[in-house]
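I have placed the structure first, in the form of C-alpha cells, so that the comments after it can refer back to it.
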Amino acid sequence: MEFRLLGPVEVWNDGRQVPLGGTKPRTLLTALLIDEGHVVRAERLIEAVWNEDPPDTARAVLQTYISSLRRSFERAGMPPIIVSHQAGYLADVPAGTVDRASFETLVAEGRRAAAEGRHEEAGGRLRAALALWRGPALGGIGDSFLLGEARRLDELRLTVTEERISANLKLGLHEQVIGELTALVARHPAHERLRHDLMVALNGVGRRGDALAVYRQGVDALAEELGIDPGPELRLLHESILRGDPDLLPGRRSQVPQPPEISAPDAPSGPSGAEIPVRARPYQLPPVTPDFTGRTEEIALLRAALTQPSAMPVCVILGAGGTGKSTLALRVAHEIARLYPDGQLYVELRGTTELPATPEEILGRLLRELGTPAPELPATLEERVNRYRSLLAGRRILVVLDDAATERQVRPLLPGSAGCAVLITSRGKLPGLAGAVPTEIGVLTVDAALALLAHVAGGERITAEAGPARMIVRQCGYLPLAIRIVGARLASRRQWSVKLMADRLADERRRLDELAVGDQEVRASIALSYELLTDSVRRALRCLGLLGLPHFPAWVAAAATGVSGDEAERELEQLVDASLVEVEGVDAIGQVRYRLHDLIRLFARERAESEDPGEARVTAVTGVLGGWLWLLEKVRAVEPSGMIAMRESYGLAVPTDPGTARAVLAAPNTWFRIEEEPLVAGVELAAAMDLDDAAIELASALCHSVFAAENQFTAWSRTHDAALAVARRQGNAAGQATLLAELGQLRYEQDRYTEAQEYFSQALPMFRAAKDLRGEYATLVGMGTVCREQGYLPEALHFLDSAQRMWSDQGDRAALAHVQRLSGSIRLEQGDLDRAWADLEHALALYRQSGSRRGEALTMRTIALHHMARAEFGEAERLSEQAARIFGEIGDRLLECYALRTRAKAWFRQGRCDEALPSLEGVLADMRSLRDRWGEAITLRTLGELHLAVGRLEEAEGCLKESVRQWEELNLPLFRARTLRDLVLLYEELGHHETAQAVRAEAVDVFRVYGSREQGELTL
C-alpha cells in the first residue's frame, strides 16, 4: 500500500493504482494525508477543496467525495483509510506508506550522518530520499491553500539535492556532479549555493576558467533578477580560485574558503605618525538601520531625558531579545549626537553571551580610544575608573552601553559629572542602577510592524497582499527581529508570494525554523537569554511553554513545576527580569497574571520536548489541571449549581494554594471569566497529549461553571470535542458516555433539541452497561428536560419519574430537587396546579437544605409562574424579584433575565405597563447578547402581549410574528401555538375575524396533541 504525494497524487495497492476520481476528491485526500493520523475539521477540508468560494452544498458534496474515496479503497482491497470523527475526518494509514513521511525520515537520517562526518552514508540516504520523487509535489490538486505545502516540499527537494551534492563534493566526486549542477544552475540562476558548488566542482577537475566564468554569469544574474551583489561566500570562493588556493582541490583539508582574519587596528595617529592628543574626540556610533520603523513615543521620551543640560542622565532601554533595543538606542543616539560635540562612545558589553565583557576590559579599551597609550593604562579597576572619569570631566560625551548584563558591569562605566549622558540597553531590568530612567519596549504596533515588513520586503508586494502580510506580522508576534528576518527572506526570494511565506509560518512547529536568515535567527536570540538562567528557572520556562496558556497566575507555575507558591513567584520574577515572561497585569480577583510572547512560548515548548522526559511533561500538565479541578470542586461545594453533575468528585484534583482558593471562592464567576481561555487550552493540551482522564474530568467540571450560566457555547463545544476525541482514541467508554451526555446538555442549552436527544440516547445505554447510576440518572433527567421544551409533556414526566424512582434513596437533595422542580414545571404546563404546587414546594425545601442558592432562585421563579397561572400577580412579582436578586448576586445574568421577564409580565398583568415595557426591552437586548434564542422568542411574545394590552396593535403584530418565526426555527410547536393564541386576540381587535378563526383552530389542534393546559382555555 502506497500513498504518493511527491509528484502526482496517487494511491497504489498490490501493484495497482487506485482510481481517485477528479481533482476535488484528490485534493480532499491530499488534505487528509498531509495531516495523517490527525482529525482535519470539515471546515478546513471544505476550504482545501473549494478555497474561499465553497458552494452552499459544500458539506453534503464533501461527504459524497468521502464516500466515493472509501468505495475506491474498498474495491482495491484496502482497509478503512478515512475515519469519521465528530469534528471532521482523519486518514488512518499504516506507518511508512506515505512517501512524504518516508522522504522526511531519510532526509533526517542523511543530515545526521553528514553532521557526524559520515558523508558516504549521508549521500546514500539523501539519494534514496530524492528517488521517491516523481515530479512536482501534490500534482493534480486544484487551486488550494495546499499549494503552499507543495511549494514547501519542492523547496525542500531542492535543498536536499544541494545537501546530497555537498556530500559528494566532500567525498571528492567532483566530476560526477558537474552535469547535474550545470542543469540546476540554469534553472535557478540566482541560487548562490548551487552556483558555489558548481564553481567548486569545476575547479576541482581543473576547469578553473569555467569556474570563473560561472561566477561572472552569477554576478550578472543576481544583478538582473534581484538587484544585489554576490554574497560573501561566493565572493571568497571567487578570490580563492583566482589565487589558486590548494585547499579547494579534492582531498585537501577544506573546500570552503574562510574569510581572512582582521587584526585589531593600531592606535590612531595623525598625518605625521604622531599619536592623537589625549583629549581625542571619539565618534564610534554604528550606522542606524535604514528601515527603522515606529517607536516615535519612545524616541521622544528618550530624547527629552538625554538632553538635560545641567545633569548626567542615564537611560536604560529594556526589552526581550529581538524587540529592537539596540536599533532604538542608535537611532536616538544619532539624533542627539550634535548635542554631545566632544564625541560619542559605543561599547558592546556582550551581556547575553557566556563571557560578558568585564569593566576592566572595557575601561582599558575606552582609555586607549580616549588617547591613553597602552603602556600608561592603570593596573587596577579603581584606577581605571578614576582616569576614565577624569578624562570625561567637563566634556559633553554620549556613552552608549549596548547589551548590559548587570548593574555591577555598568556602574564603573558611568561618567562622574554632569555634561555627559549614558544610554544603556539590556534584557535585564537593572533595578539596582540608581537614578536610571527605564524605558521598556515591547513588540510593535500592527501598523508599525506592517511598515517594517514593507521597508524590508518591498512596499508594493506588501500592499498587493495585505491580508497575508497582516497574517505574517501576527505570526511573528509583532517582534521586530522576526519581521526583519521574514522581510529579508522575501526580499531575497522574489519568486515567493507573501502568502507562501505566511503559509510556511502557519505551522507552529516549523515557525522558528523559518525565522532565520543569514546570521539572524529568532531561536538563537531567545537562547542567549535562556542559557543565562539557573536550572530551576529554565525548567519553569519550559513548563510554561509546554502549557501554552494565553495567560496565567503564579499558582499555575507552582503547580507545573512542583515548587511552593513563593518559589514560583521568585522564578517568575527572574523570568520577567530576563524579559522572557511579561506581566500582563493584576486580574479582577487580585492575582498577578503573566504571559509568554508567542515565539518565546514556541522556543520553550521545543526545549521542553527535547530536554524533559515524557513523564515530567505529563506531571507538569496534570499538576495544573489537577489544581483547576480542585478549585472547581471548591466552587461547586460552596455554590451548588442546582444542576446534576455527571461526577460527584474528580480523582485528579490536587489541592493548590489556599490564598488562591479564597480569592476564587470570593468571586467564582469572575474567576471563571478570567480563566476561560486557559481552561479551554488546558483541556485541548491534555487531549493532544492523550491524557484522556485529565481532559475528560476538566471538560466535565466546566459544564457546571459559567459555560452554562452565560451560554459560552464555543468554549463548551471546544472542550468536549477535544476530550471526546481523546476518549475515543484511548477507548475510554466511561468518559465517552459522560461527554456525550454533556454534549446533549450543550445542545439543549443551544435550543437544538433533536440533537440533544440524540446525544442523550447514545449516552444512556453506555451508562447502563457500566452500571453508572449517577450518569444514567442525569441522562434520564436530560431527556425529560428536552421533552418538556419540545412540548412532549407526558414523555417528559415518564423520564423524570423514572429518574426519581432510581435516585430517591441516594440522599442527594440537590439532584432530587432538580427533578422535583422540573416535574412541577411540567404539571404547571398541563394545568395540574395542585400537584405542581406540591412538587415545587418540595423542590424549594430540598434546595434550601442542600445550600444551592441558584436552585432556590430557579424554583422561586417557577413558583412565580404558578402564581401567574392563578392570577396572583402581586405574589408572582415578589417571588420573581427575589429570584432575580439572587441570580444577580451569584452572577448568573441569563437566569436573572428570565426572572426579570417574569416580573415584567406580572407588572403588565397588574396594569403597570409603563414600568414593564423598558424592563422587557432591556431583557430582550440581554437575551440577544447572550445568544439565547428561546429567551428571545419568549420575550418577544411577552412584549407582543404588552403592546396588545395597551392598544399598540402594529407593534404587537411585529413582536408576535417575529416570535412565531423564531418558534418555527426552533421547531417548538407548543410555544408557537401559544403565541398564535395571542395573534387570535390581535386579529379580533383588527376585525380580521376569518383569519382569527383559522389561527385559533390551528392553535387548538396543537394544544390537544400536546395535552397542554390551554386546550380547555380556547374554544372554537
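Chains: A, B, ... in order of the C-alpha cells. Residues: from 1 per chain. Ligands: from 1, in order shown.
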
Residue neighbourhood stretch 511-524 of chain A, 8 Å, only C-alpha atoms, exclusion window fewer than 6 positions, as a list in words: Gly322, Leu481, Ala482, Ile485, Val486, Ala488, Arg489, Arg504, Leu505, Leu599, Leu602 and Phe603 of chain A

Stretch 763-767 of chain A environment, 10 Å, only C-alpha atoms, sequence neighbours closer than 3 positions dropped, as a ChimeraX atom specification: /A:733-744,757-760,770-780,783

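What separates atom CA of A:Ala223 from atom CA of A:Arg235 is a distance of 14.2 Å.
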
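With distances restricted to only C-alpha atoms, A:Ala699 is the closest residue to A:Ala687 from A:Leu632, A:Ala699, A:Val205, A:Leu194.
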
Separation of atom CA of A:Ile938 from atom CA of A:Ala645, in Å and rounded to one decimal: 27.8 Å

Would you give me, as an mmCIF file with N, CA and C atoms, in the first residue's frame, the residues in stretch 110-261 of chain A that DSSP reads as alpha helix (DSSP H)?
```
data_model
loop_
_atom_site.group_PDB
_atom_site.id
_atom_site.type_symbol
_atom_site.label_atom_id
_atom_site.label_comp_id
_atom_site.auth_asym_id
_atom_site.auth_seq_id
_atom_site.Cartn_x
_atom_site.Cartn_y
_atom_site.Cartn_z
ATOM 1 N N GLY A 110 20.000 11.235 6.745
ATOM 2 C CA GLY A 110 21.120 11.728 5.950
ATOM 3 C C GLY A 110 21.789 12.918 6.595
ATOM 4 N N ARG A 111 21.010 13.828 7.104
ATOM 5 C CA ARG A 111 21.582 15.022 7.741
ATOM 6 C C ARG A 111 22.355 14.641 9.013
ATOM 7 N N ARG A 112 21.807 13.661 9.738
ATOM 8 C CA ARG A 112 22.506 13.218 10.945
ATOM 9 C C ARG A 112 23.868 12.610 10.578
ATOM 10 N N ALA A 113 23.888 11.819 9.532
ATOM 11 C CA ALA A 113 25.147 11.209 9.094
ATOM 12 C C ALA A 113 26.136 12.287 8.632
ATOM 13 N N ALA A 114 25.635 13.289 7.901
ATOM 14 C CA ALA A 114 26.523 14.362 7.430
ATOM 15 C C ALA A 114 27.109 15.135 8.597
ATOM 16 N N ALA A 115 26.272 15.404 9.605
ATOM 17 C CA ALA A 115 26.745 16.165 10.751
ATOM 18 C C ALA A 115 27.837 15.403 11.502
ATOM 19 N N HIS A 119 29.977 10.984 5.331
ATOM 20 C CA HIS A 119 29.468 11.597 4.104
ATOM 21 C C HIS A 119 28.981 10.560 3.083
ATOM 22 N N GLU A 120 29.617 9.416 3.033
ATOM 23 C CA GLU A 120 29.161 8.394 2.084
ATOM 24 C C GLU A 120 27.764 7.901 2.461
ATOM 25 N N GLU A 121 27.550 7.642 3.752
ATOM 26 C CA GLU A 121 26.228 7.228 4.220
ATOM 27 C C GLU A 121 25.213 8.349 4.013
ATOM 28 N N ALA A 122 25.626 9.582 4.268
ATOM 29 C CA ALA A 122 24.726 10.722 4.079
ATOM 30 C C ALA A 122 24.278 10.810 2.634
ATOM 31 N N GLY A 123 25.239 10.679 1.712
ATOM 32 C CA GLY A 123 24.877 10.743 0.297
ATOM 33 C C GLY A 123 23.899 9.654 -0.089
ATOM 34 N N GLY A 124 24.107 8.435 0.447
ATOM 35 C CA GLY A 124 23.206 7.335 0.121
ATOM 36 C C GLY A 124 21.796 7.582 0.635
ATOM 37 N N ARG A 125 21.669 8.056 1.865
ATOM 38 C CA ARG A 125 20.341 8.337 2.435
ATOM 39 C C ARG A 125 19.631 9.430 1.640
ATOM 40 N N LEU A 126 20.374 10.476 1.328
ATOM 41 C CA LEU A 126 19.743 11.592 0.607
ATOM 42 C C LEU A 126 19.364 11.187 -0.815
ATOM 43 N N ARG A 127 20.195 10.336 -1.462
ATOM 44 C CA ARG A 127 19.821 9.830 -2.799
ATOM 45 C C ARG A 127 18.542 9.011 -2.723
ATOM 46 N N ALA A 128 18.445 8.164 -1.681
ATOM 47 C CA ALA A 128 17.236 7.346 -1.526
ATOM 48 C C ALA A 128 16.010 8.240 -1.302
ATOM 49 N N ALA A 129 16.189 9.318 -0.556
ATOM 50 C CA ALA A 129 15.069 10.237 -0.322
ATOM 51 C C ALA A 129 14.629 10.879 -1.631
ATOM 52 N N LEU A 130 15.578 11.335 -2.422
ATOM 53 C CA LEU A 130 15.244 12.020 -3.680
ATOM 54 C C LEU A 130 14.660 11.060 -4.708
ATOM 55 N N LEU A 146 -3.315 24.180 -0.103
ATOM 56 C CA LEU A 146 -2.363 23.082 -0.060
ATOM 57 C C LEU A 146 -1.181 23.326 -0.988
ATOM 58 N N LEU A 147 -1.346 24.223 -1.964
ATOM 59 C CA LEU A 147 -0.236 24.532 -2.861
ATOM 60 C C LEU A 147 0.930 25.135 -2.080
ATOM 61 N N GLY A 148 0.640 25.771 -0.925
ATOM 62 C CA GLY A 148 1.725 26.256 -0.079
ATOM 63 C C GLY A 148 2.588 25.105 0.422
ATOM 64 N N GLU A 149 1.950 23.999 0.814
ATOM 65 C CA GLU A 149 2.699 22.819 1.237
ATOM 66 C C GLU A 149 3.451 22.226 0.056
ATOM 67 N N ALA A 150 2.852 22.263 -1.131
ATOM 68 C CA ALA A 150 3.539 21.760 -2.326
ATOM 69 C C ALA A 150 4.813 22.558 -2.579
ATOM 70 N N ARG A 151 4.705 23.889 -2.465
ATOM 71 C CA ARG A 151 5.895 24.721 -2.683
ATOM 72 C C ARG A 151 6.951 24.447 -1.617
ATOM 73 N N ARG A 152 6.512 24.212 -0.374
ATOM 74 C CA ARG A 152 7.474 23.888 0.682
ATOM 75 C C ARG A 152 8.218 22.598 0.362
ATOM 76 N N LEU A 153 7.468 21.600 -0.079
ATOM 77 C CA LEU A 153 8.103 20.318 -0.389
ATOM 78 C C LEU A 153 9.058 20.452 -1.574
ATOM 79 N N ASP A 154 8.659 21.207 -2.596
ATOM 80 C CA ASP A 154 9.546 21.404 -3.742
ATOM 81 C C ASP A 154 10.820 22.127 -3.328
ATOM 82 N N GLU A 155 10.675 23.119 -2.443
ATOM 83 C CA GLU A 155 11.853 23.838 -1.943
ATOM 84 C C GLU A 155 12.739 22.893 -1.130
ATOM 85 N N LEU A 156 12.110 22.025 -0.338
ATOM 86 C CA LEU A 156 12.882 21.067 0.444
ATOM 87 C C LEU A 156 13.607 20.082 -0.469
ATOM 88 N N ARG A 157 12.961 19.702 -1.543
ATOM 89 C CA ARG A 157 13.595 18.795 -2.507
ATOM 90 C C ARG A 157 14.877 19.419 -3.049
ATOM 91 N N LEU A 158 14.810 20.709 -3.397
ATOM 92 C CA LEU A 158 15.988 21.391 -3.913
ATOM 93 C C LEU A 158 17.075 21.478 -2.848
ATOM 94 N N THR A 159 16.664 21.767 -1.611
ATOM 95 C CA THR A 159 17.638 21.856 -0.514
ATOM 96 C C THR A 159 18.325 20.516 -0.294
ATOM 97 N N VAL A 160 17.556 19.428 -0.340
ATOM 98 C CA VAL A 160 18.135 18.101 -0.145
ATOM 99 C C VAL A 160 19.070 17.752 -1.302
ATOM 100 N N THR A 161 18.696 18.179 -2.496
ATOM 101 C CA THR A 161 19.585 17.972 -3.646
ATOM 102 C C THR A 161 20.931 18.658 -3.402
ATOM 103 N N GLU A 162 20.876 19.898 -2.894
ATOM 104 C CA GLU A 162 22.111 20.623 -2.571
ATOM 105 C C GLU A 162 22.931 19.847 -1.544
ATOM 106 N N GLU A 163 22.252 19.322 -0.511
ATOM 107 C CA GLU A 163 22.963 18.612 0.550
ATOM 108 C C GLU A 163 23.580 17.318 0.030
ATOM 109 N N ARG A 164 22.881 16.640 -0.877
ATOM 110 C CA ARG A 164 23.448 15.406 -1.448
ATOM 111 C C ARG A 164 24.670 15.724 -2.314
ATOM 112 N N ILE A 165 24.583 16.817 -3.076
ATOM 113 C CA ILE A 165 25.733 17.234 -3.891
ATOM 114 C C ILE A 165 26.901 17.618 -2.990
ATOM 115 N N SER A 166 26.599 18.311 -1.893
ATOM 116 C CA SER A 166 27.650 18.700 -0.945
ATOM 117 C C SER A 166 28.357 17.475 -0.379
ATOM 118 N N ALA A 167 27.580 16.413 -0.084
ATOM 119 C CA ALA A 167 28.188 15.171 0.406
ATOM 120 C C ALA A 167 29.117 14.576 -0.644
ATOM 121 N N ASN A 168 28.706 14.601 -1.923
ATOM 122 C CA ASN A 168 29.561 14.088 -2.999
ATOM 123 C C ASN A 168 30.857 14.888 -3.107
ATOM 124 N N LEU A 169 30.731 16.226 -2.977
ATOM 125 C CA LEU A 169 31.930 17.057 -3.062
ATOM 126 C C LEU A 169 32.893 16.746 -1.917
ATOM 127 N N LYS A 170 32.361 16.503 -0.726
ATOM 128 C CA LYS A 170 33.230 16.175 0.407
ATOM 129 C C LYS A 170 33.928 14.833 0.202
ATOM 130 N N HIS A 174 33.853 15.195 -7.669
ATOM 131 C CA HIS A 174 33.542 16.441 -8.367
ATOM 132 C C HIS A 174 32.974 16.203 -9.761
ATOM 133 N N GLU A 175 33.590 15.303 -10.502
ATOM 134 C CA GLU A 175 33.194 15.129 -11.899
ATOM 135 C C GLU A 175 31.770 14.591 -12.025
ATOM 136 N N GLN A 176 31.373 13.780 -11.061
ATOM 137 C CA GLN A 176 30.039 13.164 -11.129
ATOM 138 C C GLN A 176 28.905 14.186 -11.007
ATOM 139 N N VAL A 177 29.165 15.318 -10.386
ATOM 140 C CA VAL A 177 28.067 16.252 -10.113
ATOM 141 C C VAL A 177 28.050 17.442 -11.058
ATOM 142 N N ILE A 178 29.034 17.578 -11.937
ATOM 143 C CA ILE A 178 29.108 18.783 -12.777
ATOM 144 C C ILE A 178 27.894 18.895 -13.688
ATOM 145 N N GLY A 179 27.520 17.806 -14.349
ATOM 146 C CA GLY A 179 26.385 17.861 -15.275
ATOM 147 C C GLY A 179 25.093 18.240 -14.561
ATOM 148 N N GLU A 180 24.846 17.610 -13.421
ATOM 149 C CA GLU A 180 23.628 17.910 -12.662
ATOM 150 C C GLU A 180 23.624 19.357 -12.177
ATOM 151 N N LEU A 181 24.778 19.822 -11.669
ATOM 152 C CA LEU A 181 24.851 21.196 -11.174
ATOM 153 C C LEU A 181 24.669 22.208 -12.294
ATOM 154 N N THR A 182 25.218 21.906 -13.449
ATOM 155 C CA THR A 182 25.061 22.829 -14.579
ATOM 156 C C THR A 182 23.583 23.010 -14.922
ATOM 157 N N ALA A 183 22.815 21.900 -14.929
ATOM 158 C CA ALA A 183 21.379 21.993 -15.230
ATOM 159 C C ALA A 183 20.640 22.738 -14.126
ATOM 160 N N LEU A 184 21.006 22.479 -12.881
ATOM 161 C CA LEU A 184 20.328 23.145 -11.755
ATOM 162 C C LEU A 184 20.589 24.646 -11.761
ATOM 163 N N VAL A 185 21.835 25.056 -12.050
ATOM 164 C CA VAL A 185 22.154 26.488 -12.083
ATOM 165 C C VAL A 185 21.414 27.162 -13.221
ATOM 166 N N ALA A 186 21.237 26.463 -14.341
ATOM 167 C CA ALA A 186 20.484 27.043 -15.463
ATOM 168 C C ALA A 186 19.030 27.275 -15.067
ATOM 169 N N ARG A 187 18.465 26.361 -14.259
ATOM 170 C CA ARG A 187 17.080 26.515 -13.829
ATOM 171 C C ARG A 187 16.946 27.532 -12.705
ATOM 172 N N GLU A 192 22.631 31.022 -5.060
ATOM 173 C CA GLU A 192 24.073 31.164 -4.851
ATOM 174 C C GLU A 192 24.740 29.869 -4.404
ATOM 175 N N ARG A 193 24.034 29.041 -3.636
ATOM 176 C CA ARG A 193 24.701 27.818 -3.154
ATOM 177 C C ARG A 193 24.960 26.858 -4.304
ATOM 178 N N LEU A 194 23.986 26.719 -5.202
ATOM 179 C CA LEU A 194 24.204 25.841 -6.359
ATOM 180 C C LEU A 194 25.366 26.351 -7.214
ATOM 181 N N ARG A 195 25.404 27.662 -7.426
ATOM 182 C CA ARG A 195 26.493 28.250 -8.231
ATOM 183 C C ARG A 195 27.841 28.041 -7.520
ATOM 184 N N HIS A 196 27.841 28.190 -6.213
ATOM 185 C CA HIS A 196 29.047 27.957 -5.403
ATOM 186 C C HIS A 196 29.560 26.537 -5.612
ATOM 187 N N ASP A 197 28.663 25.555 -5.496
ATOM 188 C CA ASP A 197 29.084 24.155 -5.621
ATOM 189 C C ASP A 197 29.553 23.825 -7.031
ATOM 190 N N LEU A 198 28.916 24.444 -8.045
ATOM 191 C CA LEU A 198 29.365 24.206 -9.431
ATOM 192 C C LEU A 198 30.777 24.761 -9.616
ATOM 193 N N MET A 199 31.061 25.938 -9.057
ATOM 194 C CA MET A 199 32.408 26.509 -9.154
ATOM 195 C C MET A 199 33.425 25.605 -8.474
ATOM 196 N N VAL A 200 33.072 25.064 -7.280
ATOM 197 C CA VAL A 200 33.978 24.146 -6.568
ATOM 198 C C VAL A 200 34.236 22.901 -7.409
ATOM 199 N N ALA A 201 33.155 22.331 -7.992
ATOM 200 C CA ALA A 201 33.310 21.107 -8.783
ATOM 201 C C ALA A 201 34.165 21.350 -10.022
ATOM 202 N N LEU A 202 33.922 22.443 -10.749
ATOM 203 C CA LEU A 202 34.698 22.735 -11.961
ATOM 204 C C LEU A 202 36.162 22.971 -11.614
ATOM 205 N N ASN A 203 36.400 23.733 -10.565
ATOM 206 C CA ASN A 203 37.781 23.990 -10.166
ATOM 207 C C ASN A 203 38.457 22.698 -9.730
ATOM 208 N N GLY A 204 37.691 21.794 -9.098
ATOM 209 C CA GLY A 204 38.259 20.547 -8.601
ATOM 210 C C GLY A 204 38.716 19.609 -9.694
ATOM 211 N N ARG A 208 39.420 25.668 -14.151
ATOM 212 C CA ARG A 208 39.421 26.914 -13.394
ATOM 213 C C ARG A 208 38.764 28.058 -14.156
ATOM 214 N N GLY A 209 39.037 28.147 -15.469
ATOM 215 C CA GLY A 209 38.439 29.210 -16.276
ATOM 216 C C GLY A 209 36.923 29.101 -16.320
ATOM 217 N N ASP A 210 36.423 27.859 -16.448
ATOM 218 C CA ASP A 210 34.967 27.669 -16.457
ATOM 219 C C ASP A 210 34.364 28.070 -15.111
ATOM 220 N N ALA A 211 35.059 27.757 -14.037
ATOM 221 C CA ALA A 211 34.559 28.131 -12.700
ATOM 222 C C ALA A 211 34.446 29.648 -12.570
ATOM 223 N N LEU A 212 35.471 30.371 -13.070
ATOM 224 C CA LEU A 212 35.424 31.836 -13.001
ATOM 225 C C LEU A 212 34.327 32.397 -13.900
ATOM 226 N N ALA A 213 34.093 31.736 -15.039
ATOM 227 C CA ALA A 213 33.016 32.186 -15.932
ATOM 228 C C ALA A 213 31.653 32.002 -15.261
ATOM 229 N N VAL A 214 31.497 30.911 -14.512
ATOM 230 C CA VAL A 214 30.241 30.681 -13.787
ATOM 231 C C VAL A 214 30.022 31.801 -12.769
ATOM 232 N N TYR A 215 31.101 32.269 -12.142
ATOM 233 C CA TYR A 215 30.964 33.382 -11.189
ATOM 234 C C TYR A 215 30.500 34.651 -11.895
ATOM 235 N N ARG A 216 31.128 34.972 -13.037
ATOM 236 C CA ARG A 216 30.746 36.199 -13.752
ATOM 237 C C ARG A 216 29.279 36.144 -14.188
ATOM 238 N N GLN A 217 28.843 34.962 -14.634
ATOM 239 C CA GLN A 217 27.429 34.817 -15.005
ATOM 240 C C GLN A 217 26.522 35.023 -13.790
ATOM 241 N N GLY A 218 26.986 34.566 -12.627
ATOM 242 C CA GLY A 218 26.202 34.748 -11.402
ATOM 243 C C GLY A 218 26.084 36.209 -11.016
ATOM 244 N N VAL A 219 27.169 36.962 -11.185
ATOM 245 C CA VAL A 219 27.114 38.401 -10.892
ATOM 246 C C VAL A 219 26.032 39.061 -11.729
ATOM 247 N N ASP A 220 26.012 38.725 -13.022
ATOM 248 C CA ASP A 220 25.006 39.317 -13.915
ATOM 249 C C ASP A 220 23.595 38.884 -13.539
ATOM 250 N N ALA A 221 23.424 37.594 -13.221
ATOM 251 C CA ALA A 221 22.087 37.079 -12.906
ATOM 252 C C ALA A 221 21.542 37.696 -11.624
ATOM 253 N N LEU A 222 22.380 37.814 -10.598
ATOM 254 C CA LEU A 222 21.925 38.403 -9.334
ATOM 255 C C LEU A 222 21.574 39.871 -9.494
ATOM 256 N N ALA A 223 22.358 40.576 -10.283
ATOM 257 C CA ALA A 223 22.064 41.997 -10.503
ATOM 258 C C ALA A 223 20.768 42.168 -11.287
ATOM 259 N N GLU A 224 20.591 41.310 -12.289
ATOM 260 C CA GLU A 224 19.401 41.446 -13.144
ATOM 261 C C GLU A 224 18.128 41.020 -12.426
ATOM 262 N N GLU A 225 18.174 39.899 -11.698
ATOM 263 C CA GLU A 225 16.956 39.361 -11.070
ATOM 264 C C GLU A 225 16.635 40.020 -9.732
ATOM 265 N N PRO A 232 28.998 37.003 0.574
ATOM 266 C CA PRO A 232 30.412 36.866 0.958
ATOM 267 C C PRO A 232 31.010 35.496 0.626
ATOM 268 N N GLU A 233 30.225 34.413 0.778
ATOM 269 C CA GLU A 233 30.787 33.082 0.495
ATOM 270 C C GLU A 233 31.162 32.946 -0.972
ATOM 271 N N LEU A 234 30.294 33.423 -1.849
ATOM 272 C CA LEU A 234 30.577 33.320 -3.282
ATOM 273 C C LEU A 234 31.763 34.204 -3.652
ATOM 274 N N ARG A 235 31.847 35.392 -3.064
ATOM 275 C CA ARG A 235 32.968 36.284 -3.363
ATOM 276 C C ARG A 235 34.288 35.685 -2.882
ATOM 277 N N LEU A 236 34.286 35.111 -1.670
ATOM 278 C CA LEU A 236 35.506 34.499 -1.136
ATOM 279 C C LEU A 236 35.958 33.313 -1.985
ATOM 280 N N LEU A 237 34.990 32.518 -2.430
ATOM 281 C CA LEU A 237 35.339 31.391 -3.303
ATOM 282 C C LEU A 237 35.975 31.890 -4.586
ATOM 283 N N HIS A 238 35.405 32.941 -5.154
ATOM 284 C CA HIS A 238 35.944 33.529 -6.386
ATOM 285 C C HIS A 238 37.398 33.966 -6.170
ATOM 286 N N GLU A 239 37.658 34.643 -5.049
ATOM 287 C CA GLU A 239 39.013 35.094 -4.757
ATOM 288 C C GLU A 239 39.955 33.917 -4.563
ATOM 289 N N SER A 240 39.467 32.856 -3.917
ATOM 290 C CA SER A 240 40.307 31.684 -3.676
ATOM 291 C C SER A 240 40.677 30.999 -4.983
ATOM 292 N N ILE A 241 39.734 30.933 -5.913
ATOM 293 C CA ILE A 241 40.030 30.323 -7.220
ATOM 294 C C ILE A 241 41.038 31.172 -7.977
ATOM 295 N N LEU A 242 40.881 32.497 -7.901
ATOM 296 C CA LEU A 242 41.836 33.387 -8.565
ATOM 297 C C LEU A 242 43.249 33.188 -8.006
ATOM 298 N N ARG A 243 43.335 32.973 -6.656
ATOM 299 C CA ARG A 243 44.641 32.773 -6.022
ATOM 300 C C ARG A 243 45.196 31.373 -6.263
#
```

A:Thr785 environment, 12 Å, only C-alpha atoms, sequence neighbours closer than 6 positions dropped, as a ChimeraX atom specification: /A:643,744-745,747-749,751,753,756-757,760,778-779,791-801,803,818-826

Just the residues within 9 Å of stretch 635-639 of chain A, please, counting only C-alpha atoms, with nothing from its chain fewer than 2 positions along; format it as a CSV table (one decimal) with N, CA and C atoms, in the first residue's frame.
```
chain,number,residue,atom,x,y,z
A,630,TRP,N,-9.5,21.0,41.5
A,630,TRP,CA,-9.7,21.2,42.9
A,630,TRP,C,-10.5,22.5,43.2
A,631,LEU,N,-10.1,23.6,42.5
A,631,LEU,CA,-10.8,24.9,42.6
A,631,LEU,C,-12.2,24.7,42.2
A,632,LEU,N,-12.5,24.0,41.1
A,632,LEU,CA,-13.9,23.8,40.6
A,632,LEU,C,-14.7,23.0,41.6
A,633,GLU,N,-14.1,22.0,42.2
A,633,GLU,CA,-14.8,21.3,43.3
A,633,GLU,C,-15.2,22.2,44.5
A,641,SER,N,-24.7,24.4,41.8
A,641,SER,CA,-25.3,25.0,40.6
A,641,SER,C,-26.8,24.7,40.5
A,642,GLY,N,-27.3,23.7,41.3
A,642,GLY,CA,-28.7,23.4,41.1
A,642,GLY,C,-28.9,22.4,40.0
A,661,ALA,N,-7.4,29.8,46.6
A,661,ALA,CA,-8.8,29.3,46.8
A,661,ALA,C,-9.7,30.4,47.4
A,664,VAL,N,-10.7,32.9,44.7
A,664,VAL,CA,-11.6,32.3,43.7
A,664,VAL,C,-13.0,32.2,44.3
A,665,LEU,N,-13.1,31.7,45.6
A,665,LEU,CA,-14.4,31.5,46.2
A,665,LEU,C,-15.1,32.8,46.5
A,668,PRO,N,-16.4,33.6,42.3
A,668,PRO,CA,-16.2,32.4,41.4
A,668,PRO,C,-16.6,32.7,39.9
A,704,HIS,N,-20.5,22.8,34.6
A,704,HIS,CA,-21.2,23.3,35.8
A,704,HIS,C,-20.6,24.7,36.2
A,705,SER,N,-20.0,25.4,35.2
A,705,SER,CA,-19.4,26.7,35.5
A,705,SER,C,-20.2,27.7,34.7
A,851,GLY,N,-28.3,23.9,50.3
A,851,GLY,CA,-27.5,25.1,50.2
A,851,GLY,C,-27.3,25.7,48.8
A,852,SER,N,-28.1,25.3,47.9
A,852,SER,CA,-28.0,25.8,46.5
A,852,SER,C,-28.8,27.0,46.3
A,853,ARG,N,-28.2,28.2,46.3
A,853,ARG,CA,-29.0,29.4,46.1
A,853,ARG,C,-29.5,29.5,44.7
A,854,ARG,N,-28.7,29.0,43.8
A,854,ARG,CA,-29.1,29.0,42.4
A,854,ARG,C,-30.4,28.2,42.2
A,890,ILE,N,-25.2,36.0,42.5
A,890,ILE,CA,-24.3,34.9,42.1
A,890,ILE,C,-23.7,35.1,40.7
```
